[in-house]
Structure formats: structure tokens, C-alpha cells
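Structure file final-v5.json with JSON, C-alpha atoms:
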```json
[["chain", "number", "residue", "atom", "x", "y", "z"],
["A", 1461, "MET", "CA", 44.85, 60.80, -1.41],
["A", 1462, "LYS", "CA", 45.77, 57.14, -1.81],
["A", 1463, "LYS", "CA", 49.49, 57.91, -2.12],
["A", 1464, "ALA", "CA", 49.37, 60.20, 0.93],
["A", 1465, "LEU", "CA", 47.71, 57.41, 2.92],
["A", 1466, "GLN", "CA", 50.35, 54.84, 1.93],
["A", 1467, "ASP", "CA", 53.20, 57.27, 2.71],
["A", 1468, "PHE", "CA", 51.69, 58.00, 6.14],
["A", 1469, "LEU", "CA", 51.26, 54.31, 6.97],
["A", 1470, "ARG", "CA", 54.85, 53.65, 5.91],
["A", 1471, "TYR", "CA", 55.98, 56.47, 8.20],
["A", 1472, "LEU", "CA", 54.07, 54.97, 11.14],
["A", 1473, "ARG", "CA", 55.47, 51.51, 10.47],
["A", 1474, "VAL", "CA", 59.11, 52.42, 9.78],
["A", 1475, "GLU", "CA", 59.79, 55.56, 11.79],
["A", 1476, "LYS", "CA", 57.24, 55.30, 14.61],
["A", 1477, "ASN", "CA", 57.49, 51.51, 14.83],
["A", 1478, "TYR", "CA", 53.75, 51.12, 15.42],
["A", 1479, "SER", "CA", 52.28, 47.65, 15.83],
["A", 1480, "GLY", "CA", 50.30, 45.92, 13.09],
["A", 1481, "HIS", "CA", 47.11, 46.31, 15.15],
["A", 1482, "THR", "CA", 47.61, 50.08, 15.47],
["A", 1483, "LEU", "CA", 48.42, 50.41, 11.79],
["A", 1484, "ARG", "CA", 45.23, 48.59, 10.84],
["A", 1485, "ASN", "CA", 43.18, 50.98, 13.00],
["A", 1486, "TYR", "CA", 44.80, 54.03, 11.37],
["A", 1487, "GLU", "CA", 44.26, 52.63, 7.89],
["A", 1488, "SER", "CA", 40.63, 51.71, 8.61],
["A", 1489, "ASP", "CA", 39.84, 55.18, 9.99],
["A", 1490, "LEU", "CA", 41.47, 56.97, 7.09],
["A", 1491, "ARG", "CA", 39.86, 54.80, 4.42],
["A", 1492, "GLN", "CA", 36.49, 55.49, 6.05],
["A", 1493, "PHE", "CA", 37.19, 59.22, 5.87],
["A", 1494, "ILE", "CA", 38.30, 58.99, 2.24],
["A", 1495, "GLY", "CA", 35.13, 57.06, 1.42],
["A", 1496, "PHE", "CA", 33.06, 59.78, 3.09],
["A", 1497, "LEU", "CA", 34.79, 62.45, 1.01],
["A", 1498, "GLY", "CA", 34.00, 60.56, -2.17],
["A", 1499, "ASP", "CA", 30.33, 60.20, -1.23],
["A", 1500, "ARG", "CA", 30.18, 63.86, -0.21],
["A", 1501, "SER", "CA", 31.67, 65.01, -3.53],
["A", 1502, "GLU", "CA", 29.87, 62.91, -6.09],
["A", 1503, "GLY", "CA", 27.14, 60.93, -4.37],
["A", 1504, "LYS", "CA", 27.09, 57.54, -2.70],
["A", 1505, "GLY", "CA", 29.35, 54.94, -4.25],
["A", 1506, "SER", "CA", 31.55, 57.42, -6.09],
["A", 1507, "SER", "CA", 35.24, 56.66, -6.50],
["A", 1508, "VAL", "CA", 36.22, 60.30, -7.04],
["A", 1509, "ARG", "CA", 39.57, 61.09, -5.43],
["A", 1510, "MET", "CA", 40.06, 64.22, -3.35],
["A", 1511, "GLU", "CA", 43.58, 65.49, -2.85],
["A", 1512, "PRO", "CA", 44.62, 66.33, 0.73],
["A", 1513, "LYS", "CA", 45.00, 70.04, -0.07],
["A", 1514, "GLN", "CA", 41.31, 70.12, -1.06],
["A", 1515, "VAL", "CA", 40.13, 69.03, 2.39],
["A", 1516, "GLY", "CA", 38.90, 71.77, 4.70],
["A", 1517, "HIS", "CA", 37.75, 71.86, 8.30],
["A", 1518, "LEU", "CA", 34.10, 71.80, 7.17],
["A", 1519, "ASP", "CA", 34.73, 68.42, 5.54],
["A", 1520, "VAL", "CA", 36.19, 67.08, 8.77],
["A", 1521, "ARG", "CA", 33.33, 68.51, 10.79],
["A", 1522, "ALA", "CA", 30.73, 67.00, 8.44],
["A", 1523, "TYR", "CA", 32.50, 63.63, 8.66],
["A", 1524, "LEU", "CA", 32.40, 63.63, 12.45],
["A", 1525, "ALA", "CA", 28.74, 64.65, 12.43],
["A", 1526, "SER", "CA", 27.98, 61.62, 10.25],
["A", 1527, "LEU", "CA", 29.62, 59.33, 12.82],
["A", 1528, "TYR", "CA", 27.64, 60.32, 15.92],
["A", 1529, "LYS", "CA", 24.56, 58.27, 15.07],
["A", 1530, "ARG", "CA", 26.40, 54.94, 14.99],
["A", 1531, "ASN", "CA", 29.58, 55.48, 17.02],
["A", 1532, "ALA", "CA", 30.39, 56.06, 20.65],
["A", 1533, "LYS", "CA", 32.00, 59.39, 21.55],
["A", 1534, "SER", "CA", 35.26, 57.60, 22.28],
["A", 1535, "SER", "CA", 35.30, 56.18, 18.73],
["A", 1536, "VAL", "CA", 34.57, 59.60, 17.22],
["A", 1537, "ALA", "CA", 37.40, 61.12, 19.28],
["A", 1538, "ARG", "CA", 39.79, 58.41, 18.12],
["A", 1539, "LYS", "CA", 38.91, 58.96, 14.46],
["A", 1540, "LEU", "CA", 39.46, 62.70, 14.85],
["A", 1541, "SER", "CA", 42.82, 61.99, 16.48],
["A", 1542, "THR", "CA", 43.73, 59.84, 13.48],
["A", 1543, "LEU", "CA", 42.88, 62.70, 11.11],
["A", 1544, "LYS", "CA", 44.91, 65.16, 13.16],
["A", 1545, "SER", "CA", 47.94, 62.86, 13.04],
["A", 1546, "PHE", "CA", 47.52, 62.28, 9.30],
["A", 1547, "PHE", "CA", 47.27, 65.94, 8.37],
["A", 1548, "ALA", "CA", 50.03, 66.94, 10.82],
["A", 1549, "TYR", "CA", 52.28, 64.54, 8.91],
["A", 1550, "LEU", "CA", 51.21, 66.10, 5.60],
["A", 1551, "VAL", "CA", 51.95, 69.60, 6.94],
["A", 1552, "ARG", "CA", 55.48, 68.48, 7.88],
["A", 1553, "GLN", "CA", 55.89, 66.99, 4.42],
["A", 1554, "GLY", "CA", 54.77, 70.24, 2.79],
["A", 1555, "GLU", "CA", 51.77, 68.56, 1.16],
["A", 1556, "VAL", "CA", 49.24, 70.88, 2.87],
["A", 1557, "LYS", "CA", 49.64, 74.32, 4.42],
["A", 1558, "GLN", "CA", 47.53, 73.78, 7.54],
["A", 1559, "ASN", "CA", 45.86, 70.99, 9.45],
["A", 1560, "PRO", "CA", 42.08, 71.13, 8.85],
["A", 1561, "ALA", "CA", 41.40, 68.74, 11.73],
["A", 1562, "ASP", "CA", 42.98, 71.15, 14.25],
["A", 1563, "MET", "CA", 39.99, 73.48, 13.82],
["A", 1564, "VAL", "CA", 37.52, 70.76, 14.91],
["A", 1565, "SER", "CA", 36.84, 70.04, 18.58],
["A", 1566, "ALA", "CA", 36.71, 66.51, 19.93],
["A", 1567, "PRO", "CA", 33.49, 65.37, 21.63],
["A", 1568, "LYS", "CA", 33.31, 65.98, 25.35],
["A", 1569, "MET", "CA", 33.52, 62.74, 27.27],
["A", 1570, "GLY", "CA", 33.03, 61.96, 30.90],
["A", 1571, "LYS", "CA", 35.91, 60.41, 32.80],
["A", 1572, "ALA", "CA", 35.17, 56.74, 32.48],
["A", 1573, "ILE", "CA", 36.24, 54.57, 35.41],
["A", 1574, "PRO", "CA", 37.87, 51.43, 34.02],
["A", 1575, "ASP", "CA", 36.09, 48.13, 34.71],
["A", 1576, "PHE", "CA", 37.84, 46.07, 37.37],
["A", 1577, "LEU", "CA", 37.21, 43.27, 39.84],
["A", 1578, "GLN", "CA", 37.07, 43.57, 43.59],
["A", 1579, "VAL", "CA", 39.85, 41.70, 45.39],
["A", 1580, "ASP", "CA", 37.56, 38.88, 46.57],
["A", 1581, "GLU", "CA", 36.15, 38.49, 43.05],
["A", 1582, "THR", "CA", 39.67, 38.27, 41.67],
["A", 1583, "PHE", "CA", 40.60, 35.51, 44.12],
["A", 1584, "GLN", "CA", 37.41, 33.67, 43.19],
["A", 1585, "LEU", "CA", 38.25, 33.91, 39.48],
["A", 1586, "MET", "CA", 41.84, 32.74, 39.94],
["A", 1587, "HIS", "CA", 40.65, 29.56, 41.65],
["A", 1588, "GLY", "CA", 37.99, 28.88, 39.00],
["A", 1589, "PRO", "CA", 39.85, 26.83, 36.36],
["A", 1590, "ASP", "CA", 40.14, 23.09, 36.98],
["A", 1591, "SER", "CA", 43.91, 22.62, 36.87],
["A", 1592, "SER", "CA", 43.63, 18.81, 36.91],
["A", 1593, "ASN", "CA", 43.66, 18.94, 33.09],
["A", 1594, "VAL", "CA", 46.02, 20.73, 30.75],
["A", 1595, "LEU", "CA", 43.51, 23.28, 29.42],
["A", 1596, "GLY", "CA", 42.42, 24.20, 32.95],
["A", 1597, "SER", "CA", 46.07, 24.49, 33.96],
["A", 1598, "ARG", "CA", 46.70, 26.75, 30.97],
["A", 1599, "ASP", "CA", 43.65, 28.90, 31.72],
["A", 1600, "ARG", "CA", 44.67, 29.37, 35.34],
["A", 1601, "ALA", "CA", 48.18, 30.37, 34.28],
["A", 1602, "ILE", "CA", 46.75, 32.88, 31.80],
["A", 1603, "LEU", "CA", 44.45, 34.48, 34.37],
["A", 1604, "GLU", "CA", 47.21, 34.61, 36.98],
["A", 1605, "ILE", "CA", 49.72, 36.19, 34.57],
["A", 1606, "LEU", "CA", 47.22, 38.77, 33.31],
["A", 1607, "TYR", "CA", 46.42, 39.82, 36.87],
["A", 1608, "SER", "CA", 49.89, 39.41, 38.41],
["A", 1609, "CYS", "CA", 51.72, 41.29, 35.66],
["A", 1610, "GLY", "CA", 49.06, 43.69, 34.35],
["A", 1611, "LEU", "CA", 49.64, 42.67, 30.74],
["A", 1612, "ARG", "CA", 47.64, 43.71, 27.71],
["A", 1613, "VAL", "CA", 46.06, 40.66, 26.11],
["A", 1614, "SER", "CA", 48.13, 41.22, 22.95],
["A", 1615, "GLU", "CA", 51.27, 41.20, 25.09],
["A", 1616, "LEU", "CA", 50.21, 37.96, 26.76],
["A", 1617, "THR", "CA", 49.54, 36.12, 23.49],
["A", 1618, "ALA", "CA", 52.88, 37.36, 22.10],
["A", 1619, "LEU", "CA", 54.86, 35.79, 24.97],
["A", 1620, "ASN", "CA", 57.33, 33.09, 24.02],
["A", 1621, "LEU", "CA", 58.84, 30.34, 26.12],
["A", 1622, "ASP", "CA", 61.97, 32.38, 26.72],
["A", 1623, "SER", "CA", 59.97, 35.44, 27.82],
["A", 1624, "ALA", "CA", 59.47, 34.04, 31.33],
["A", 1625, "ASP", "CA", 62.36, 33.58, 33.76],
["A", 1626, "LEU", "CA", 60.85, 31.91, 36.82],
["A", 1627, "GLU", "CA", 64.17, 31.79, 38.65],
["A", 1628, "LEU", "CA", 64.51, 35.56, 38.42],
["A", 1629, "GLU", "CA", 60.71, 35.88, 38.92],
["A", 1630, "ILE", "CA", 60.25, 38.15, 35.89],
["A", 1631, "ILE", "CA", 58.63, 38.24, 32.47],
["A", 1632, "ARG", "CA", 60.04, 40.22, 29.57],
["A", 1633, "VAL", "CA", 57.20, 41.89, 27.69],
["A", 1634, "MET", "CA", 57.22, 43.53, 24.28],
["A", 1635, "GLY", "CA", 54.78, 46.42, 24.62],
["A", 1636, "LYS", "CA", 53.47, 49.17, 22.38],
["A", 1637, "GLY", "CA", 55.94, 50.67, 19.97],
["A", 1638, "SER", "CA", 58.17, 47.57, 20.42],
["A", 1639, "ARG", "CA", 59.27, 48.86, 23.82],
["A", 1640, "GLU", "CA", 60.47, 46.02, 26.01],
["A", 1641, "ARG", "CA", 59.85, 46.08, 29.74],
["A", 1642, "VAL", "CA", 60.52, 43.68, 32.59],
["A", 1643, "VAL", "CA", 57.62, 42.87, 34.93],
["A", 1644, "PRO", "CA", 57.80, 40.95, 38.22],
["A", 1645, "VAL", "CA", 55.73, 37.76, 38.54],
["A", 1646, "GLY", "CA", 53.95, 36.99, 41.82],
["A", 1647, "SER", "CA", 54.30, 33.66, 43.61],
["A", 1648, "LYS", "CA", 50.82, 32.36, 42.73],
["A", 1649, "ALA", "CA", 51.35, 33.23, 39.06],
["A", 1650, "ARG", "CA", 54.73, 31.47, 39.11],
["A", 1651, "GLU", "CA", 53.14, 28.35, 40.58],
["A", 1652, "ALA", "CA", 50.37, 28.35, 37.97],
["A", 1653, "LEU", "CA", 52.81, 28.96, 35.13],
["A", 1654, "SER", "CA", 55.18, 26.22, 36.32],
["A", 1655, "ASP", "CA", 52.30, 23.75, 36.46],
["A", 1656, "TYR", "CA", 51.22, 24.67, 32.94],
["A", 1657, "LEU", "CA", 54.77, 24.43, 31.56],
["A", 1658, "ARG", "CA", 55.12, 20.89, 32.92],
["A", 1659, "ARG", "CA", 52.01, 19.92, 30.96],
["A", 1660, "ARG", "CA", 52.36, 22.15, 27.90],
["A", 1661, "GLY", "CA", 53.55, 19.22, 25.81],
["A", 1662, "GLU", "CA", 50.10, 17.64, 26.10],
["A", 1663, "LEU", "CA", 48.78, 20.33, 23.75],
["A", 1664, "LEU", "CA", 50.22, 18.52, 20.77],
["A", 1665, "GLY", "CA", 49.07, 19.28, 17.28],
["A", 1666, "SER", "CA", 50.21, 18.42, 13.81],
["A", 1667, "GLN", "CA", 52.18, 21.67, 13.76],
["A", 1668, "MET", "CA", 52.86, 22.45, 17.40],
["A", 1669, "ASP", "CA", 54.30, 25.93, 17.94],
["A", 1670, "GLN", "CA", 57.74, 25.38, 19.48],
["A", 1671, "VAL", "CA", 58.12, 29.03, 20.50],
["A", 1672, "ALA", "CA", 54.78, 30.37, 21.80],
["A", 1673, "LEU", "CA", 54.20, 30.21, 25.55],
["A", 1674, "PHE", "CA", 50.43, 29.81, 25.52],
["A", 1675, "LEU", "CA", 48.96, 27.30, 23.08],
["A", 1676, "ASN", "CA", 45.47, 26.42, 21.93],
["A", 1677, "ASN", "CA", 44.18, 22.85, 21.96],
["A", 1678, "ARG", "CA", 45.65, 22.27, 18.49],
["A", 1679, "GLY", "CA", 49.16, 23.26, 19.49],
["A", 1680, "GLY", "CA", 49.16, 26.71, 17.88],
["A", 1681, "ARG", "CA", 49.68, 30.13, 19.45],
["A", 1682, "LEU", "CA", 46.64, 31.25, 21.43],
["A", 1683, "SER", "CA", 44.79, 34.28, 20.03],
["A", 1684, "SER", "CA", 43.52, 37.35, 21.88],
["A", 1685, "ARG", "CA", 39.96, 36.37, 20.96],
["A", 1686, "SER", "CA", 40.43, 32.94, 22.54],
["A", 1687, "VAL", "CA", 41.69, 34.55, 25.76],
["A", 1688, "ALA", "CA", 38.57, 36.74, 25.86],
["A", 1689, "ARG", "CA", 36.38, 33.67, 25.40],
["A", 1690, "LEU", "CA", 38.06, 31.68, 28.16],
["A", 1691, "LEU", "CA", 37.83, 34.63, 30.54],
["A", 1692, "LYS", "CA", 34.11, 34.96, 29.81],
["A", 1693, "LYS", "CA", 33.65, 31.24, 30.46],
["A", 1694, "HIS", "CA", 35.39, 31.33, 33.83],
["A", 1695, "MET", "CA", 33.60, 34.54, 34.85],
["A", 1696, "GLN", "CA", 30.29, 32.77, 34.24],
["A", 1697, "MET", "CA", 31.39, 29.63, 36.06],
["A", 1698, "CYS", "CA", 32.34, 31.75, 39.08],
["A", 1699, "ASN", "CA", 28.94, 33.51, 38.96],
["A", 1700, "ILE", "CA", 30.53, 36.94, 38.56],
["A", 1701, "GLY", "CA", 27.53, 38.47, 36.89],
["A", 1702, "ARG", "CA", 28.95, 41.24, 34.74],
["A", 1703, "PRO", "CA", 31.07, 41.33, 31.58],
["A", 1704, "LEU", "CA", 34.79, 41.86, 31.83],
["A", 1705, "SER", "CA", 37.37, 41.93, 29.06],
["A", 1706, "PRO", "CA", 40.95, 40.68, 29.54],
["A", 1707, "HIS", "CA", 41.88, 44.35, 29.82],
["A", 1708, "GLY", "CA", 39.73, 44.40, 32.97],
["A", 1709, "LEU", "CA", 42.33, 42.22, 34.71],
["A", 1710, "ARG", "CA", 44.95, 44.81, 33.78],
["A", 1711, "HIS", "CA", 42.70, 47.47, 35.32],
["A", 1712, "SER", "CA", 42.28, 45.29, 38.43],
["A", 1713, "PHE", "CA", 46.06, 44.87, 38.71],
["A", 1714, "ALA", "CA", 46.64, 48.64, 38.64],
["A", 1715, "THR", "CA", 43.71, 49.51, 40.90],
["A", 1716, "HIS", "CA", 44.60, 46.98, 43.58],
["A", 1717, "LEU", "CA", 48.27, 48.00, 43.62],
["A", 1718, "LEU", "CA", 47.49, 51.70, 43.95],
["A", 1719, "ASP", "CA", 44.80, 51.08, 46.53],
["A", 1720, "ALA", "CA", 47.37, 49.20, 48.61],
["A", 1721, "GLY", "CA", 49.75, 52.16, 48.48],
["A", 1722, "ALA", "CA", 52.03, 51.28, 45.55],
["A", 1723, "ASP", "CA", 54.06, 54.11, 44.03],
["A", 1724, "LEU", "CA", 52.35, 55.61, 41.00],
["A", 1725, "ARG", "CA", 55.51, 55.72, 38.91],
["A", 1726, "ALA", "CA", 56.34, 52.09, 39.72],
["A", 1727, "VAL", "CA", 52.87, 51.08, 38.51],
["A", 1728, "GLN", "CA", 53.38, 53.22, 35.39],
["A", 1729, "GLU", "CA", 56.58, 51.31, 34.66],
["A", 1730, "MET", "CA", 54.95, 47.92, 35.15],
["A", 1731, "LEU", "CA", 52.00, 48.84, 32.91],
["A", 1732, "GLY", "CA", 54.29, 50.21, 30.22],
["A", 1733, "HIS", "CA", 52.50, 53.57, 30.06],
["A", 1734, "ALA", "CA", 54.39, 56.30, 28.23],
["A", 1735, "SER", "CA", 52.50, 58.98, 30.17],
["A", 1736, "LEU", "CA", 51.92, 59.17, 33.91],
["A", 1737, "SER", "CA", 48.50, 60.74, 33.30],
["A", 1738, "THR", "CA", 47.34, 57.44, 31.77],
["A", 1739, "THR", "CA", 48.23, 55.59, 34.96],
["A", 1740, "GLN", "CA", 46.47, 58.18, 37.11],
["A", 1741, "ARG", "CA", 43.11, 56.92, 35.84],
["A", 1742, "TYR", "CA", 43.52, 54.04, 38.26],
["A", 1743, "THR", "CA", 43.75, 56.18, 41.38],
["A", 1744, "HIS", "CA", 39.94, 56.54, 41.55],
["A", 1745, "LEU", "CA", 39.43, 53.75, 44.08],
["A", 1746, "SER", "CA", 42.12, 55.02, 46.43],
["A", 1747, "VAL", "CA", 40.67, 58.53, 46.36],
["A", 1748, "ASP", "CA", 37.11, 57.28, 46.95],
["A", 1749, "LYS", "CA", 38.27, 55.15, 49.87],
["A", 1750, "LEU", "CA", 40.29, 58.02, 51.30],
["A", 1751, "MET", "CA", 37.28, 60.34, 51.20],
["A", 1752, "ALA", "CA", 35.05, 57.75, 52.85],
["A", 1753, "GLU", "CA", 37.56, 57.30, 55.67],
["A", 1754, "TYR", "CA", 37.87, 61.08, 56.00],
["A", 1755, "ASP", "CA", 34.11, 61.50, 56.28],
["A", 1756, "LYS", "CA", 33.95, 58.80, 58.96],
["A", 1757, "ALA", "CA", 36.89, 59.96, 61.05],
["A", 1758, "HIS", "CA", 37.45, 63.71, 60.73],
["A", 1759, "PRO", "CA", 35.51, 65.71, 63.35],
["A", 1760, "ARG", "CA", 34.93, 68.67, 61.06],
["A", 1761, "SER", "CA", 33.51, 66.33, 58.42],
["A", 1762, "ARG", "CA", 31.05, 64.93, 60.96],
["A", 1763, "LEU", "CA", 30.02, 68.43, 62.01],
["A", 1764, "LYS", "CA", 28.83, 69.32, 58.53],
["A", 1765, "ARG", "CA", 26.27, 66.52, 58.69],
["A", 1766, "GLY", "CA", 24.13, 68.42, 61.16],
["A", 1767, "LYS", "CA", 25.75, 67.38, 64.44],
["A", 1768, "GLU", "CA", 27.47, 70.66, 65.04],
["A", 1769, "THR", "CA", 28.72, 71.47, 68.53],
["A", 1770, "GLU", "CA", 30.25, 74.53, 70.06],
["A", 1771, "GLU", "CA", 33.81, 75.07, 68.88],
["A", 1772, "ASP", "CA", 36.66, 74.78, 71.44]]
```

Translate this structure into C-alpha cells?
Amino acid sequence: MKKALQDFLRYLRVEKNYSGHTLRNYESDLRQFIGFLGDRSEGKGSSVRMEPKQVGHLDVRAYLASLYKRNAKSSVARKLSTLKSFFAYLVRQGEVKQNPADMVSAPKMGKAIPDFLQVDETFQLMHGPDSSNVLGSRDRAILEILYSCGLRVSELTALNLDSADLELEIIRVMGKGSRERVVPVGSKAREALSDYLRRRGELLGSQMDQVALFLNNRGGRLSSRSVARLLKKHMQMCNIGRPLSPHGLRHSFATHLLDAGADLRAVQEMLGHASLSTTQRYTHLSVDKLMAEYDKAHPRSRLKRGKETEED
């Protein structure tokens, strides 16, 4: 099983060009499954190896059942997806005859509406950082870029100095699967970024990163975890009383654009989504607003509320 795992991870890295973060998730899920198989075969703590061809759909089903007590449905679904991808690869390689994970159903999940800020909350947050100092200037630029460009936090922290072209008003982003895309930058984000770049040199450290766009207070590249912490801090300072991850600003970007009438495929391109169905999750606000306006304005909608009159 160990060799099959290493071959699969090599395939994902070399042929599929998956990111290090994605590879770590695949490896973690598969090692957890392999550990479960060992415990199931010989008792807890066993190091017995099971070969892929020995795994059946009942093993996969038992593994998923063991996860429900301590994992959200979304996590269980992701782990099943990992197993399906792993065994599909082994089928193509001729290592197994059929995919045992294909016979197991994923948990049913409700359609979760992504967390996002209202427009007035977003404006409040953008004006929160004190840009009179370099860290406040940096924080404001980060928040503006996340919201203006709809970036993933990993994409933001990976930006280099040459990623942003303020004259052309664009940022070049390296997204999932090493796919590069070009995203427009709004005027407020350009102003905030220009202010930060003028002061970036103040973030000097013993080994200042000469390439990274956003630096920590020691002069190194800022981490995704640090971005989450600074967002939490500014959310609290603005008295926005609910948690929001950096990804929530990406959700806000998409929701506000679509609610204002932006083309769905244009938003898909800016978000870097491979599938249009992924972008369609963000149409919920527009649809809700449309239905509310319909109920208020359409005469036949008003009639159904008990104020029926004789038809013309």
C-alpha cells in the first residue's frame, strides 16, 4: 500500500501539477485510511500492510462510518473523494480491477451559503486599519486586494513584487494547478497598495525577503495564518460580531459583483474557477433579492397573499 501511495502522490505532483497544500491533504487522508485498515485487520496499533487489491467496498464503508462521530459531513465527503481518486488511479495502472470507493455513497449535504460581508460592512472593514504606520498600511492593502481581486489567501501570500502592475491596473495570480490568471485591481486597492509599497522598506529584518509582496514585521513573507489573524483583529476592531475567514472576502467579492449584475463567466474567470457550477454558488443573494422584488411588485404575487380581486 505504501508504494501505491507514493506512486499516486508522484502522479498528482508531476502530471496533475497539484500544489503542495493539496498534496498534503491527499497524503493525510490516505494515511488515515491505511491506518484504519491496519487497525481493522489486526487490532489497534498494528502495522500490518494491506495491499490495494485486498480492499473492498465494505472496508471503505466501515472507514467512513468511523469518521462521522468526529468529522463534519464535508470532511467525510472529501475523504471519500480522495479514496475514489486514489483507486481510480490504481484501476488505470492495472493494480486493481475495480474501484471499491465507487460503490459507497457520499453523505448528503445541504447547500451551504458561503459566508460573506454586506457592502456596508465591507466598507467599514476596509477603513479599519490605521494606515499612519507601516503595519496598518500593509493590513489595509491586504484587505483591499483580497476584496478587490477575490484572491484565495494562499494566492495573496504567494504574490511577489512583480505580480502587481499598477500602471496596467492588474495583478498576475498563480492559482490552483499552477494556472496563471490576470485580475483587475480597483482604484481603492491600487491606492492602498501604492501606499504600502512606498513604506514596505520599513519592514526591515535581518533577512528581508526581496521578492515577496507582503511582509511580516520581521521582513519575511507573510503567512496565510498571519493574514487570518490580522483579519480577525480588524473585524473585532470594527465591531463586526461574527467570524469570517480570509476566504469570506473572496465570497464577498463574488457575491457583490453578481448582485450588481456582473456576468457569471467573467466572475468565474476572475475567481479562477475551473467549473462554472462552482461560481454559481454565489448567485444566492441575487436570486433572493430578485424574489423579494418580485413579491413586492408583481400583482399576481400580491394576490396570493389574500388580497385577491376580480380578474380583468

Would you kindly return, as an MDAnalysis selection string, each protein, DNA or RNA residue with an atom no farther than 8 Å from any atom of Glu1581 in chain A, considering all atoms listed in the file and excluding same-chain residues fewer than 4 positions away? chainID A and resid 1577 1585 1700

What does the structure give for the distance between CA of Leu1603 in chain A and CA of Arg1632 in chain A, in Å to one decimal?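 These two atoms are separated by 17.3 Å.
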
What's the 8 Å shell around Val1594 in chain A, counting all atoms listed in the file, without same-chain residues fewer than 5 positions away, as an MDAnalysis selection string? chainID A and resid 1656 1659:1660 1662:1663

Which residues of range 1539-1613 of chain A have any atom within 10 Å of an atom in range 1701-1706 of chain A when counting only C-alpha atoms, and what is the closest pair of atoms for each, with the distance in Å to one decimal? Order the rows by chain and rising number and write it as a tab-separated table.
```
residue	atom	partner	partner_atom	distance
A:Asp1575	CA	A:Leu1704	CA	7.0
A:Phe1576	CA	A:Leu1704	CA	7.6
A:Leu1577	CA	A:Leu1704	CA	8.5
A:Ile1602	CA	A:Pro1706	CA	10.0
A:Leu1603	CA	A:Pro1706	CA	8.6
A:Leu1606	CA	A:Pro1706	CA	7.6
A:Tyr1607	CA	A:Pro1706	CA	9.2
A:Gly1610	CA	A:Pro1706	CA	9.9
A:Leu1611	CA	A:Pro1706	CA	9.0
A:Arg1612	CA	A:Pro1706	CA	7.6
A:Val1613	CA	A:Pro1706	CA	6.2
```

For Ser1545 in chain A, list every protein, DNA or RNA residue within 10 Å, evaluated using all atoms listed in the file, and leave out those in the same chain fewer than 3 positions away; present the list as JSON, numbers by chain. {"A": [1468, 1486, 1539, 1540, 1541, 1542, 1548, 1549, 1550, 1551, 1559, 1561, 1562]}

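The gap separating CA of Ser1654 in chain A from CA of Val1579 in chain A is 23.6 Å, in Å to one decimal.
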
Residues at most 12 Å from range 1665-1681 of chain A, counting all atoms listed in the file, excluding those fewer than 2 positions away in the same chain, as a PyMOL selection string? chain A and resi 1593-1603+1605+1613-1624+1631+1653-1654+1656-1663+1683-1687+1690

Would you mind exporting the chosen residues as a short mmCIF file (atom, residue, chain, number, x, y, z; two decimals), keeping the file's coordinate frame, restricted to C-alpha atoms?
```cif
data_model
loop_
_atom_site.label_atom_id
_atom_site.label_comp_id
_atom_site.auth_asym_id
_atom_site.auth_seq_id
_atom_site.Cartn_x
_atom_site.Cartn_y
_atom_site.Cartn_z
CA ASN A 1593 43.66 18.94 33.09
CA VAL A 1594 46.02 20.73 30.75
CA LEU A 1595 43.51 23.28 29.42
CA GLY A 1596 42.42 24.20 32.95
CA SER A 1597 46.07 24.49 33.96
CA ARG A 1598 46.70 26.75 30.97
CA ASP A 1599 43.65 28.90 31.72
CA ARG A 1600 44.67 29.37 35.34
CA ALA A 1601 48.18 30.37 34.28
CA ILE A 1602 46.75 32.88 31.80
CA LEU A 1603 44.45 34.48 34.37
CA ILE A 1605 49.72 36.19 34.57
CA VAL A 1613 46.06 40.66 26.11
CA SER A 1614 48.13 41.22 22.95
CA GLU A 1615 51.27 41.20 25.09
CA LEU A 1616 50.21 37.96 26.76
CA THR A 1617 49.54 36.12 23.49
CA ALA A 1618 52.88 37.36 22.10
CA LEU A 1619 54.86 35.79 24.97
CA ASN A 1620 57.33 33.09 24.02
CA LEU A 1621 58.84 30.34 26.12
CA ASP A 1622 61.97 32.38 26.72
CA SER A 1623 59.97 35.44 27.82
CA ALA A 1624 59.47 34.04 31.33
CA ILE A 1631 58.63 38.24 32.47
CA LEU A 1653 52.81 28.96 35.13
CA SER A 1654 55.18 26.22 36.32
CA TYR A 1656 51.22 24.67 32.94
CA LEU A 1657 54.77 24.43 31.56
CA ARG A 1658 55.12 20.89 32.92
CA ARG A 1659 52.01 19.92 30.96
CA ARG A 1660 52.36 22.15 27.90
CA GLY A 1661 53.55 19.22 25.81
CA GLU A 1662 50.10 17.64 26.10
CA LEU A 1663 48.78 20.33 23.75
CA SER A 1683 44.79 34.28 20.03
CA SER A 1684 43.52 37.35 21.88
CA ARG A 1685 39.96 36.37 20.96
CA SER A 1686 40.43 32.94 22.54
CA VAL A 1687 41.69 34.55 25.76
CA LEU A 1690 38.06 31.68 28.16
#
```
